[in-house]
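input-v1.cif, holding mmCIF, C-alpha atoms and all ligand atoms:
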```
data_coords
loop_
_atom_site.group_PDB
_atom_site.id
_atom_site.type_symbol
_atom_site.label_atom_id
_atom_site.label_comp_id
_atom_site.auth_asym_id
_atom_site.auth_seq_id
_atom_site.Cartn_x
_atom_site.Cartn_y
_atom_site.Cartn_z
ATOM 1 C CA MET A 960 -190.418 164.620 37.358
ATOM 2 C CA LYS A 961 -190.391 167.572 39.794
ATOM 3 C CA MET A 962 -187.060 167.718 41.619
ATOM 4 C CA LYS A 963 -187.989 170.285 44.260
ATOM 5 C CA PRO A 964 -186.953 169.274 47.805
ATOM 6 C CA ARG A 965 -189.624 169.144 50.518
ATOM 7 C CA THR A 966 -189.005 169.292 54.277
ATOM 8 C CA PHE A 967 -191.044 167.482 56.944
ATOM 9 C CA ARG A 968 -191.193 167.529 60.744
ATOM 10 C CA SER A 969 -190.351 164.238 62.424
ATOM 11 C CA PHE A 970 -191.683 164.577 65.986
ATOM 12 C CA ALA A 971 -190.506 162.869 69.196
ATOM 13 C CA LYS A 972 -192.749 160.803 71.469
ATOM 14 C CA ILE A 973 -192.876 160.006 75.145
ATOM 15 C CA ASN A 974 -194.616 157.145 76.883
ATOM 16 C CA LEU A 975 -196.856 158.784 79.499
ATOM 17 C CA GLY A 976 -197.359 155.337 80.975
ATOM 18 C CA LEU A 977 -195.955 151.909 80.101
ATOM 19 C CA GLU A 978 -197.049 148.533 81.481
ATOM 20 C CA VAL A 979 -195.587 145.138 80.636
ATOM 21 C CA THR A 980 -198.564 142.804 80.318
ATOM 22 C CA GLY A 981 -196.952 139.516 79.271
ATOM 23 C CA LYS A 982 -194.551 137.698 76.972
ATOM 24 C CA LEU A 983 -195.036 137.297 73.247
ATOM 25 C CA PRO A 984 -193.851 134.405 71.079
ATOM 26 C CA GLY A 985 -190.300 135.227 69.981
ATOM 27 C CA GLY A 986 -189.266 136.512 73.412
ATOM 28 C CA TYR A 987 -190.562 140.081 73.118
ATOM 29 C CA HIS A 988 -192.577 141.535 75.974
ATOM 30 C CA GLU A 989 -196.178 142.516 75.455
ATOM 31 C CA LEU A 990 -196.850 146.155 76.307
ATOM 32 C CA LYS A 991 -199.701 148.471 77.092
ATOM 33 C CA THR A 992 -198.600 152.063 76.697
ATOM 34 C CA ILE A 993 -199.956 155.583 76.319
ATOM 35 C CA PHE A 994 -198.009 157.512 73.681
ATOM 36 C CA ALA A 995 -197.955 161.288 73.327
ATOM 37 C CA THR A 996 -196.245 163.464 70.697
ATOM 38 C CA LEU A 997 -193.880 166.278 71.706
ATOM 39 C CA SER A 998 -193.185 169.491 69.792
ATOM 40 C CA LEU A 999 -189.466 168.532 69.681
ATOM 41 C CA HIS A 1000 -188.719 167.323 66.135
ATOM 42 C CA ASP A 1001 -186.041 166.393 63.632
ATOM 43 C CA LEU A 1002 -186.246 167.843 60.123
ATOM 44 C CA ILE A 1003 -186.217 165.504 57.139
ATOM 45 C CA THR A 1004 -185.727 166.879 53.635
ATOM 46 C CA LEU A 1005 -186.562 164.662 50.668
ATOM 47 C CA LYS A 1006 -185.241 165.480 47.223
ATOM 48 C CA PRO A 1007 -186.347 163.304 44.310
ATOM 49 C CA ARG A 1008 -183.602 161.785 42.112
ATOM 50 C CA PRO A 1009 -183.947 159.541 39.081
ATOM 51 C CA ARG A 1010 -182.664 156.482 40.969
ATOM 52 C CA GLY A 1011 -180.828 155.403 44.126
ATOM 53 C CA ILE A 1012 -181.534 156.138 47.785
ATOM 54 C CA VAL A 1013 -179.027 158.478 49.432
ATOM 55 C CA ILE A 1014 -178.960 159.341 53.163
ATOM 56 C CA ARG A 1015 -177.240 162.475 54.439
ATOM 57 C CA SER A 1016 -176.795 163.776 57.973
ATOM 58 C CA ALA A 1017 -174.238 166.001 59.674
ATOM 59 C CA HIS A 1018 -174.852 164.135 62.964
ATOM 60 C CA PRO A 1019 -172.060 161.611 63.687
ATOM 61 C CA GLY A 1020 -174.525 159.157 65.309
ATOM 62 C CA VAL A 1021 -176.681 158.770 62.180
ATOM 63 C CA PRO A 1022 -175.584 155.960 59.808
ATOM 64 C CA CYS A 1023 -175.657 157.175 56.195
ATOM 65 C CA ASP A 1024 -175.989 153.746 54.571
ATOM 66 C CA GLU A 1025 -178.635 151.099 53.957
ATOM 67 C CA THR A 1026 -178.788 150.245 57.682
ATOM 68 C CA ASN A 1027 -180.500 153.592 58.339
ATOM 69 C CA LEU A 1028 -184.204 152.992 59.046
ATOM 70 C CA CYS A 1029 -185.052 155.832 56.618
ATOM 71 C CA HIS A 1030 -183.238 153.953 53.842
ATOM 72 C CA ARG A 1031 -185.214 150.805 54.652
ATOM 73 C CA ALA A 1032 -188.444 152.850 54.704
ATOM 74 C CA ALA A 1033 -187.689 154.231 51.227
ATOM 75 C CA VAL A 1034 -187.022 150.691 49.915
ATOM 76 C CA ARG A 1035 -190.419 149.585 51.336
ATOM 77 C CA MET A 1036 -192.088 152.505 49.543
ATOM 78 C CA GLN A 1037 -190.354 151.605 46.254
ATOM 79 C CA SER A 1038 -191.809 148.106 46.476
ATOM 80 C CA LEU A 1039 -195.279 149.437 47.389
ATOM 81 C CA ALA A 1040 -195.036 151.866 44.445
ATOM 82 C CA GLY A 1041 -193.688 149.209 42.062
ATOM 83 C CA HIS A 1042 -190.933 151.490 40.749
ATOM 84 C CA THR A 1043 -187.277 152.259 41.475
ATOM 85 C CA ARG A 1044 -187.397 156.055 41.599
ATOM 86 C CA GLY A 1045 -184.758 157.458 43.912
ATOM 87 C CA VAL A 1046 -184.680 159.982 46.722
ATOM 88 C CA GLU A 1047 -182.067 161.900 48.681
ATOM 89 C CA ILE A 1048 -182.974 162.031 52.386
ATOM 90 C CA THR A 1049 -181.286 164.633 54.610
ATOM 91 C CA ILE A 1050 -181.792 164.207 58.364
ATOM 92 C CA GLN A 1051 -181.299 167.174 60.716
ATOM 93 C CA LYS A 1052 -181.119 165.547 64.157
ATOM 94 C CA ARG A 1053 -182.431 167.282 67.261
ATOM 95 C CA ILE A 1054 -184.003 164.305 69.071
ATOM 96 C CA ALA A 1055 -181.510 162.470 71.331
ATOM 97 C CA ILE A 1056 -180.475 159.156 69.759
ATOM 98 C CA GLY A 1057 -181.300 156.014 71.774
ATOM 99 C CA GLY A 1058 -183.147 158.055 74.368
ATOM 100 C CA GLY A 1059 -186.575 156.399 74.392
ATOM 101 C CA LEU A 1060 -187.993 159.294 72.359
ATOM 102 C CA GLY A 1061 -188.552 157.253 69.202
ATOM 103 C CA GLY A 1062 -186.356 159.448 66.989
ATOM 104 C CA GLY A 1063 -185.221 156.781 64.498
ATOM 105 C CA SER A 1064 -188.720 155.272 64.297
ATOM 106 C CA SER A 1065 -190.230 158.721 63.794
ATOM 107 C CA ASN A 1066 -187.742 159.429 60.988
ATOM 108 C CA ALA A 1067 -188.718 156.161 59.247
ATOM 109 C CA ALA A 1068 -192.466 156.902 59.545
ATOM 110 C CA THR A 1069 -191.818 160.398 58.193
ATOM 111 C CA VAL A 1070 -190.199 158.896 55.077
ATOM 112 C CA LEU A 1071 -193.162 156.520 54.623
ATOM 113 C CA ARG A 1072 -195.697 159.372 54.918
ATOM 114 C CA ALA A 1073 -193.701 161.815 52.802
ATOM 115 C CA LEU A 1074 -193.066 159.363 49.935
ATOM 116 C CA ASP A 1075 -196.725 158.269 50.120
ATOM 117 C CA SER A 1076 -197.531 161.881 49.213
ATOM 118 C CA MET A 1077 -194.583 162.657 46.890
ATOM 119 C CA TRP A 1078 -194.998 159.498 44.830
ATOM 120 C CA GLY A 1079 -198.798 159.907 44.714
ATOM 121 C CA LEU A 1080 -199.590 156.530 46.338
ATOM 122 C CA ASN A 1081 -202.018 158.079 48.854
ATOM 123 C CA LEU A 1082 -202.206 154.937 51.006
ATOM 124 C CA GLY A 1083 -202.685 157.024 54.163
ATOM 125 C CA PRO A 1084 -201.727 155.975 57.712
ATOM 126 C CA GLU A 1085 -203.880 152.798 57.693
ATOM 127 C CA GLY A 1086 -202.408 151.724 54.348
ATOM 128 C CA LEU A 1087 -198.852 152.182 55.664
ATOM 129 C CA VAL A 1088 -199.274 150.207 58.929
ATOM 130 C CA ASP A 1089 -197.860 146.883 57.639
ATOM 131 C CA ALA A 1090 -194.797 148.582 56.136
ATOM 132 C CA ALA A 1091 -194.306 150.505 59.406
ATOM 133 C CA LYS A 1092 -194.617 147.357 61.564
ATOM 134 C CA SER A 1093 -191.984 145.604 59.448
ATOM 135 C CA LEU A 1094 -189.524 148.442 60.204
ATOM 136 C CA GLY A 1095 -189.869 148.456 64.013
ATOM 137 C CA ALA A 1096 -192.292 148.372 66.938
ATOM 138 C CA ASP A 1097 -192.361 152.163 67.454
ATOM 139 C CA VAL A 1098 -192.793 153.075 63.768
ATOM 140 C CA PRO A 1099 -196.609 152.593 63.421
ATOM 141 C CA TYR A 1100 -197.317 155.113 66.213
ATOM 142 C CA PHE A 1101 -195.667 157.854 64.149
ATOM 143 C CA LEU A 1102 -198.148 157.343 61.299
ATOM 144 C CA PHE A 1103 -200.907 158.694 63.582
ATOM 145 C CA GLY A 1104 -199.299 160.886 66.290
ATOM 146 C CA GLY A 1105 -201.054 162.582 69.198
ATOM 147 C CA PRO A 1106 -202.298 160.682 72.251
ATOM 148 C CA ALA A 1107 -202.646 156.960 71.487
ATOM 149 C CA LEU A 1108 -202.845 153.580 73.171
ATOM 150 C CA GLY A 1109 -200.204 151.086 72.008
ATOM 151 C CA LEU A 1110 -200.741 147.338 72.495
ATOM 152 C CA GLY A 1111 -198.811 144.216 71.469
ATOM 153 C CA ARG A 1112 -195.184 145.230 70.942
ATOM 154 C CA GLY A 1113 -196.455 148.810 71.127
ATOM 155 C CA ASP A 1114 -197.204 148.600 67.395
ATOM 156 C CA ASP A 1115 -200.976 148.051 67.571
ATOM 157 C CA ILE A 1116 -202.119 151.683 67.698
ATOM 158 C CA HIS A 1117 -205.453 153.037 68.914
ATOM 159 C CA PRO A 1118 -205.659 156.862 68.727
ATOM 160 C CA LEU A 1119 -207.225 158.461 71.841
ATOM 161 C CA ASP A 1120 -209.348 161.595 72.039
ATOM 162 C CA LEU A 1121 -207.478 163.314 74.858
ATOM 163 C CA ARG A 1122 -206.499 166.906 75.332
ATOM 164 C CA LEU A 1123 -203.153 167.030 77.120
ATOM 165 C CA LYS A 1124 -202.562 170.458 78.607
ATOM 166 C CA GLU A 1125 -199.550 169.936 80.850
ATOM 167 C CA LYS A 1126 -196.296 171.784 80.194
ATOM 168 C CA VAL A 1127 -193.510 169.307 79.481
ATOM 169 C CA LEU A 1128 -189.934 169.502 80.728
ATOM 170 C CA LEU A 1129 -187.874 166.916 78.882
ATOM 171 C CA VAL A 1130 -184.553 165.609 80.207
ATOM 172 C CA PRO A 1131 -183.202 163.906 77.103
ATOM 173 C CA GLY A 1132 -180.867 160.917 77.148
ATOM 174 C CA ALA A 1133 -179.707 160.864 80.762
ATOM 175 C CA GLY A 1134 -177.041 158.213 80.018
ATOM 176 C CA GLY A 1135 -177.490 155.493 77.386
ATOM 177 C CA VAL A 1136 -179.097 152.203 78.412
ATOM 178 C CA SER A 1137 -179.674 149.173 76.203
ATOM 179 C CA THR A 1138 -183.302 148.193 75.619
ATOM 180 C CA ALA A 1139 -182.366 144.490 75.812
ATOM 181 C CA ALA A 1140 -180.577 145.019 79.165
ATOM 182 C CA VAL A 1141 -183.589 146.840 80.632
ATOM 183 C CA PHE A 1142 -186.059 144.140 79.537
ATOM 184 C CA GLY A 1143 -183.599 141.474 80.743
ATOM 185 C CA GLN A 1144 -183.410 143.146 84.148
ATOM 186 C CA PHE A 1145 -187.203 143.496 84.233
ATOM 187 C CA ALA A 1146 -187.569 139.735 83.644
ATOM 188 C CA ALA A 1147 -184.816 138.900 86.178
ATOM 189 C CA ARG A 1148 -186.673 140.895 88.827
ATOM 190 C CA GLY A 1149 -189.677 138.646 88.222
ATOM 191 C CA GLY A 1150 -191.572 141.544 86.720
ATOM 192 C CA GLY A 1151 -195.104 140.674 85.760
ATOM 193 C CA PRO A 1152 -198.202 142.632 84.955
ATOM 194 C CA ARG A 1153 -199.060 145.382 87.420
ATOM 195 C CA ARG A 1154 -202.491 144.659 88.937
ATOM 196 C CA PRO A 1155 -204.786 146.467 88.606
ATOM 197 C CA SER A 1156 -203.723 148.228 85.419
ATOM 198 C CA ARG A 1157 -203.353 151.974 85.893
ATOM 199 C CA ILE A 1158 -203.685 152.432 82.140
ATOM 200 C CA ASP A 1159 -207.062 150.635 82.143
ATOM 201 C CA ALA A 1160 -208.281 152.941 84.928
ATOM 202 C CA PHE A 1161 -206.914 155.961 83.019
ATOM 203 C CA LEU A 1162 -208.781 154.893 79.872
ATOM 204 C CA ARG A 1163 -212.028 154.368 81.817
ATOM 205 C CA HIS A 1164 -211.774 157.978 83.104
ATOM 206 C CA CYS A 1165 -211.179 159.236 79.577
ATOM 207 C CA GLU A 1166 -214.157 157.262 78.218
ATOM 208 C CA ARG A 1167 -216.364 158.953 80.819
ATOM 209 C CA GLY A 1168 -215.221 162.306 79.402
ATOM 210 C CA GLU A 1169 -213.268 163.221 82.550
ATOM 211 C CA SER A 1170 -209.992 165.080 82.147
ATOM 212 C CA PRO A 1171 -207.100 162.620 81.798
ATOM 213 C CA ARG A 1172 -205.414 161.737 85.086
ATOM 214 C CA VAL A 1173 -201.840 161.500 83.854
ATOM 215 C CA ALA A 1174 -200.531 161.669 87.435
ATOM 216 C CA THR A 1175 -201.712 158.082 87.971
ATOM 217 C CA LEU A 1176 -199.564 156.619 85.170
ATOM 218 C CA ARG A 1177 -196.272 154.751 85.713
ATOM 219 C CA ASN A 1178 -193.508 153.174 83.637
ATOM 220 C CA ASP A 1179 -193.004 149.528 84.710
ATOM 221 C CA LEU A 1180 -189.499 149.602 83.169
ATOM 222 C CA GLY A 1181 -188.319 152.481 85.401
ATOM 223 C CA PRO A 1182 -186.989 150.353 88.299
ATOM 224 C CA ALA A 1183 -185.230 147.978 85.870
ATOM 225 C CA ALA A 1184 -183.545 150.853 83.992
ATOM 226 C CA ILE A 1185 -182.372 152.399 87.251
ATOM 227 C CA ALA A 1186 -180.984 149.028 88.344
ATOM 228 C CA VAL A 1187 -178.855 148.663 85.181
ATOM 229 C CA SER A 1188 -177.454 152.211 85.103
ATOM 230 C CA ALA A 1189 -175.959 154.074 88.069
ATOM 231 C CA PRO A 1190 -175.897 157.453 86.218
ATOM 232 C CA LEU A 1191 -179.565 156.995 85.324
ATOM 233 C CA ALA A 1192 -180.403 156.185 88.953
ATOM 234 C CA ALA A 1193 -178.583 159.340 90.122
ATOM 235 C CA THR A 1194 -180.432 161.517 87.598
ATOM 236 C CA ALA A 1195 -183.774 159.936 88.542
ATOM 237 C CA ARG A 1196 -183.174 160.824 92.212
ATOM 238 C CA VAL A 1197 -182.489 164.489 91.387
ATOM 239 C CA LEU A 1198 -185.523 164.647 89.078
ATOM 240 C CA ARG A 1199 -187.825 163.165 91.705
ATOM 241 C CA ALA A 1200 -186.667 165.815 94.199
ATOM 242 C CA ALA A 1201 -187.169 168.638 91.652
ATOM 243 C CA ALA A 1202 -190.621 167.242 90.811
ATOM 244 C CA ARG A 1203 -191.555 167.348 94.512
ATOM 245 C CA HIS A 1204 -190.169 170.873 95.054
ATOM 246 C CA HIS A 1205 -192.039 172.322 92.106
ATOM 247 C CA GLY A 1206 -195.301 170.356 92.237
ATOM 248 C CA ALA A 1207 -194.906 168.301 89.046
ATOM 249 C CA THR A 1208 -197.995 166.293 88.074
ATOM 250 C CA LEU A 1209 -195.804 163.423 86.928
ATOM 251 C CA ALA A 1210 -192.083 162.609 86.676
ATOM 252 C CA ALA A 1211 -191.338 159.475 84.646
ATOM 253 C CA MET A 1212 -189.004 157.758 82.211
ATOM 254 C CA SER A 1213 -189.907 157.407 78.522
ATOM 255 C CA GLY A 1214 -189.824 153.954 76.919
ATOM 256 C CA SER A 1215 -186.923 151.847 78.148
ATOM 257 C CA GLY A 1216 -184.926 155.023 78.849
ATOM 258 C CA SER A 1217 -182.848 156.953 79.065
ATOM 259 C CA SER A 1218 -184.911 160.162 78.734
ATOM 260 C CA PHE A 1219 -187.126 161.425 81.540
ATOM 261 C CA PHE A 1220 -189.908 163.987 81.552
ATOM 262 C CA LEU A 1221 -191.657 166.124 84.147
ATOM 263 C CA LEU A 1222 -195.174 167.503 83.648
ATOM 264 C CA PHE A 1223 -196.377 170.777 85.167
ATOM 265 C CA GLU A 1224 -199.623 172.706 85.279
ATOM 266 C CA SER A 1225 -197.890 176.105 84.993
ATOM 267 C CA THR A 1226 -195.047 177.430 82.869
ATOM 268 C CA SER A 1227 -193.579 179.220 85.925
ATOM 269 C CA ALA A 1228 -193.271 175.973 87.926
ATOM 270 C CA ARG A 1229 -191.658 174.375 84.881
ATOM 271 C CA ALA A 1230 -189.196 177.281 84.527
ATOM 272 C CA ASP A 1231 -188.270 177.022 88.237
ATOM 273 C CA ALA A 1232 -187.652 173.277 87.905
ATOM 274 C CA ALA A 1233 -185.546 173.820 84.754
ATOM 275 C CA ARG A 1234 -183.399 176.368 86.620
ATOM 276 C CA GLU A 1235 -182.919 174.010 89.572
ATOM 277 C CA LEU A 1236 -181.842 171.194 87.248
ATOM 278 C CA LYS A 1237 -179.480 173.444 85.271
ATOM 279 C CA ALA A 1238 -177.780 174.478 88.526
ATOM 280 C CA VAL A 1239 -176.843 170.827 89.165
ATOM 281 C CA GLY A 1240 -175.704 170.243 85.572
ATOM 282 C CA ILE A 1241 -178.831 168.541 84.184
ATOM 283 C CA PRO A 1242 -179.895 170.078 80.859
ATOM 284 C CA SER A 1243 -183.605 170.062 80.094
ATOM 285 C CA ARG A 1244 -185.822 171.247 77.289
ATOM 286 C CA ARG A 1245 -189.277 172.826 77.353
ATOM 287 C CA CYS A 1246 -191.777 171.140 75.034
ATOM 288 C CA ALA A 1247 -195.492 171.150 74.313
ATOM 289 C CA PHE A 1248 -197.767 168.227 73.571
ATOM 290 C CA VAL A 1249 -198.821 167.971 69.918
ATOM 291 C CA SER A 1250 -202.415 166.945 69.135
ATOM 292 C CA ARG A 1251 -203.217 164.459 66.369
ATOM 293 C CA GLN A 1252 -204.614 167.339 64.290
ATOM 294 C CA ALA A 1253 -201.464 169.454 64.737
ATOM 295 C CA PHE A 1254 -199.329 166.386 63.996
ATOM 296 C CA ALA A 1255 -201.061 166.103 60.604
ATOM 297 C CA SER A 1256 -201.307 169.814 59.749
ATOM 298 C CA GLY A 1257 -197.733 170.550 60.904
ATOM 299 C CA PHE A 1258 -196.174 167.670 58.974
ATOM 300 C CA GLU A 1259 -194.703 169.615 56.081
ATOM 301 C CA VAL A 1260 -192.606 172.731 56.671
ATOM 302 C CA ARG A 1261 -194.138 175.234 54.268
ATOM 303 C CA ARG A 1262 -191.833 177.800 52.705
ATOM 304 C CA ALA A 1263 -193.454 180.689 54.580
ATOM 305 C CA ASP A 1264 -193.238 178.844 57.965
HETATM 306 O O1 LIG B 1301 -186.814 146.839 69.861
HETATM 307 P P1 LIG B 1301 -185.359 146.548 70.074
HETATM 308 O O2 LIG B 1301 -184.761 145.738 68.977
HETATM 309 O O3 LIG B 1301 -184.556 147.747 70.440
HETATM 310 O O4 LIG B 1301 -185.322 145.612 71.367
HETATM 311 C C1 LIG B 1301 -184.110 145.081 71.841
HETATM 312 C C2 LIG B 1301 -184.420 143.895 72.754
HETATM 313 O O5 LIG B 1301 -185.220 144.322 73.873
HETATM 314 C C3 LIG B 1301 -185.220 142.779 72.125
HETATM 315 O O6 LIG B 1301 -184.394 141.903 71.421
HETATM 316 C C4 LIG B 1301 -185.851 142.112 73.339
HETATM 317 O O7 LIG B 1301 -184.919 141.304 74.000
HETATM 318 C C5 LIG B 1301 -186.137 143.303 74.241
HETATM 319 N N1 LIG B 1301 -187.531 143.772 74.050
HETATM 320 C C6 LIG B 1301 -188.565 143.056 74.639
HETATM 321 N N2 LIG B 1301 -189.856 143.485 74.484
HETATM 322 C C7 LIG B 1301 -190.137 144.594 73.767
HETATM 323 C C8 LIG B 1301 -189.110 145.334 73.166
HETATM 324 C C9 LIG B 1301 -187.805 144.904 73.321
HETATM 325 O O8 LIG B 1301 -188.338 142.043 75.305
HETATM 326 N N3 LIG B 1301 -191.434 144.989 73.648
#
```
Take the structure in this file and express it as structure tokens.
Amino acid sequence: MKMKPRTFRSFAKINLGLEVTGKLPGGYHELKTIFATLSLHDLITLKPRPRGIVIRSAHPGVPCDETNLCHRAAVRMQSLAGHTRGVEITIQKRIAIGGGLGGGSSNAATVLRALDSMWGLNLGPEGLVDAAKSLGADVPYFLFGGPALGLGRGDDIHPLDLRLKEKVLLVPGAGGVSTAAVFGQFAARGGGPRRPSRIDAFLRHCERGESPRVATLRNDLGPAAIAVSAPLAATARVLRAAARHHGATLAAMSGSGSSFFLLFESTSARADAARELKAVGIPSRRCAFVSRQAFASGFEVRRAD
């Protein structure tokens, strides 16, 4: 068996728009969301070993035991492969933890895709969907990447042919909020489906071949997240002002929080907004959107990269 380690990019996502469309059996909310992949990524190195799954990370927030979603992903792959070969998984964290950027889910999908290749199963994204769904609602998206529509719990993925050109300014993890608390607050506020659906209108434009109107999208969970966290509400106010000053196409929260993002047509407007935010103590990060093709071709970090 070859024991050479291989390193893979585990990208972050944002939800360009998120609508709550109903309740599912089991208490979960039904979602309609537009996912997009960001250039921001963790690095995951997999080193084959004769047996045993070992997780390593220098980041204090990453559990290095069998509760880590990457560990569970490797166990799923062992059962799909029908063997007990081992792997050492080293996670270099750059994506904010618990920030609505899908970091943990992305890491798990990366392990599924990487072991699919390293163990020669070649199931491909479609063949890994059931394993991904069993690990978490955001995991299936990271099998495909790029712009995609998510339905159900956000785990029923329909890739979209969109070219996203905006320059992204990410404000990662603006104060931790619990997903359960945000959905609880959403329900308490009597939140129901937004009529008419902005995502449906967005998709109709895209189907007609028009350029995607991301400015029309909204996150239904935004008001609930702001209601449960005063620091988040304060950050949102500053971001909205910066978005106005610098002509952002869209300023929104990702997932159930706590990260926000601003979209700009020019890199100079984005740089001005980043400077304004830095001056008031809000760190931000410049990112690009990653297409589905670049998501696939940029998966493995080649030695010469
Ligand atoms: O997905 P996660 O386990 O982080 O979700 C935590 C809680 O948030 C769930 O137990 C549920 O109460 C709520 N939730 C929901 N609908 C979703 C996702 C999460 O109601 N689509």
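Residue nearest ligand LIG 1301 (chain B), chosen from A:Leu1080, A:Met1212, A:Cys1023, A:Val1098 and counting all atoms listed in the file: A:Val1098.
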Per-axis box centre and lengths in Å around ligand LIG 1301 (chain B), 5 Å margin per side, axis-aligned, as lines of an AutoDock Vina configuration file:
```
center_x = -187.8
center_y = 144.5
center_z = 72.1
size_x = 17.3
size_y = 16.4
size_z = 16.3
```
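Only residues having an atom at most 12 Å from (-185.0, 142.5, 79.5) are included; using all atoms listed in the file, these are Val979, Lys982, Gly986, Tyr987, His988, Glu989, Val1136, Ser1137, Thr1138, Ala1139, Ala1140, Val1141, Phe1142, Gly1143, Gln1144, Phe1145, Ala1146, Ala1147, Arg1148, Gly1149, Gly1150, Asp1179, Leu1180, Pro1182, Ala1183, Ala1184, Ala1186, Val1187 and Ser1215 of chain A.
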task = Have a look at A:Ile1241, A:Ala1228, A:Ile1185, A:Ala1107 and name the one nearest to Leu1198 (chain A); count only C-alpha atoms.
result = A:Ile1241
Each residue of region 1068-1122 of chain A lying at most 10 Å from region 1154-1166 of chain A should get a row with its shortest atom-to-atom pair and the distance in Å to one decimal, counting all atoms listed in the file; could you produce that, ordered by chain and increasing number, as CSV?
```
residue,atom,partner,partner_atom,distance
A:Leu1108,CA,A:Leu1162,CA,9.0
A:Leu1119,CA,A:Cys1165,CA,8.7
A:Asp1120,CA,A:Cys1165,CA,8.1
A:Leu1121,CA,A:Cys1165,CA,7.3
A:Arg1122,CA,A:Cys1165,CA,9.9
```
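With all atoms listed in the file as the atoms that count, the minimum distance from Leu975 (chain A) to the choices A:Arg1251, A:Arg1177, A:His1018, A:Arg1196 is reached by A:Arg1177.
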message = I'd like the residues picked by the PyMOL selection byres (((chain A and resi 964) around 6) and not hetatm) written out as a PyMOL selection string, using the chain letters and numbers from the file.
response = chain A and resi 963+965+1005-1006
key: Exercise: residues within 10 Å of coordinate (-196.5, 159.9, 53.2), counting only C-alpha atoms, as a ChimeraX atom specification   = /A:1036,1068-1084,1087,1102,1258
File dump, residues just selected, C-alpha atoms, as a short mmCIF file (atom, residue, chain, number, x, y, z; two decimals), keeping the file's coordinate frame:
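File out19.cif, as written:
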```cif
data_model
loop_
_atom_site.label_atom_id
_atom_site.label_comp_id
_atom_site.auth_asym_id
_atom_site.auth_seq_id
_atom_site.Cartn_x
_atom_site.Cartn_y
_atom_site.Cartn_z
CA MET A 1036 -192.09 152.50 49.54
CA ALA A 1068 -192.47 156.90 59.54
CA THR A 1069 -191.82 160.40 58.19
CA VAL A 1070 -190.20 158.90 55.08
CA LEU A 1071 -193.16 156.52 54.62
CA ARG A 1072 -195.70 159.37 54.92
CA ALA A 1073 -193.70 161.82 52.80
CA LEU A 1074 -193.07 159.36 49.94
CA ASP A 1075 -196.72 158.27 50.12
CA SER A 1076 -197.53 161.88 49.21
CA MET A 1077 -194.58 162.66 46.89
CA TRP A 1078 -195.00 159.50 44.83
CA GLY A 1079 -198.80 159.91 44.71
CA LEU A 1080 -199.59 156.53 46.34
CA ASN A 1081 -202.02 158.08 48.85
CA LEU A 1082 -202.21 154.94 51.01
CA GLY A 1083 -202.68 157.02 54.16
CA PRO A 1084 -201.73 155.98 57.71
CA LEU A 1087 -198.85 152.18 55.66
CA LEU A 1102 -198.15 157.34 61.30
CA PHE A 1258 -196.17 167.67 58.97
#
```
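Compared by their closest atoms to Ile993 (chain A), and using only C-alpha atoms, the residues A:Glu1259, A:Asp1231, A:Glu1125, A:Asp1114 rank with A:Asp1114 nearest.
The shortest atom-to-atom distance to ligand LIG 1301 (chain B), with all atoms listed in the file taken into account, belongs to A:Ser1093 out of A:Ser1093, A:Thr1004, A:Ser998, A:Gln1051.
Compared by their closest atoms to ligand LIG 1301 (chain B), and using only C-alpha atoms and all ligand atoms, the residues A:Arg968, A:Arg1053, A:His1000, A:Arg1112 rank with A:Arg1112 nearest.
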Could you model N, CA and C atoms for region 1015-1024 of chain A and present them as a PDB file, in the coordinates of the input?
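In the end it all went to part.pdb:
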```
ATOM      1  N   ARG A1015    -178.229 161.496  53.985  1.00  0.00           N
ATOM      2  CA  ARG A1015    -177.240 162.475  54.439  1.00  0.00           C
ATOM      3  C   ARG A1015    -177.602 162.957  55.829  1.00  0.00           C
ATOM      4  N   SER A1016    -176.573 163.141  56.676  1.00  0.00           N
ATOM      5  CA  SER A1016    -176.795 163.776  57.973  1.00  0.00           C
ATOM      6  C   SER A1016    -175.462 164.273  58.493  1.00  0.00           C
ATOM      7  N   ALA A1017    -175.474 165.454  59.098  1.00  0.00           N
ATOM      8  CA  ALA A1017    -174.238 166.001  59.674  1.00  0.00           C
ATOM      9  C   ALA A1017    -173.989 165.412  61.056  1.00  0.00           C
ATOM     10  N   HIS A1018    -174.983 164.681  61.613  1.00  0.00           N
ATOM     11  CA  HIS A1018    -174.852 164.135  62.964  1.00  0.00           C
ATOM     12  C   HIS A1018    -174.012 162.847  62.934  1.00  0.00           C
ATOM     13  N   PRO A1019    -172.942 162.782  63.752  1.00  0.00           N
ATOM     14  CA  PRO A1019    -172.060 161.611  63.687  1.00  0.00           C
ATOM     15  C   PRO A1019    -172.747 160.303  64.096  1.00  0.00           C
ATOM     16  N   GLY A1020    -173.851 160.371  64.843  1.00  0.00           N
ATOM     17  CA  GLY A1020    -174.525 159.157  65.309  1.00  0.00           C
ATOM     18  C   GLY A1020    -175.518 158.582  64.311  1.00  0.00           C
ATOM     19  N   VAL A1021    -175.691 159.234  63.165  1.00  0.00           N
ATOM     20  CA  VAL A1021    -176.681 158.770  62.180  1.00  0.00           C
ATOM     21  C   VAL A1021    -175.965 158.004  61.066  1.00  0.00           C
ATOM     22  N   PRO A1022    -176.229 156.700  60.898  1.00  0.00           N
ATOM     23  CA  PRO A1022    -175.584 155.960  59.808  1.00  0.00           C
ATOM     24  C   PRO A1022    -176.124 156.416  58.455  1.00  0.00           C
ATOM     25  N   CYS A1023    -175.218 156.682  57.509  1.00  0.00           N
ATOM     26  CA  CYS A1023    -175.657 157.175  56.195  1.00  0.00           C
ATOM     27  C   CYS A1023    -175.575 156.068  55.151  1.00  0.00           C
ATOM     28  N   ASP A1024    -176.008 154.864  55.520  1.00  0.00           N
ATOM     29  CA  ASP A1024    -175.989 153.746  54.571  1.00  0.00           C
ATOM     30  C   ASP A1024    -177.325 153.013  54.645  1.00  0.00           C
TER      31      ASP A1024
END
```
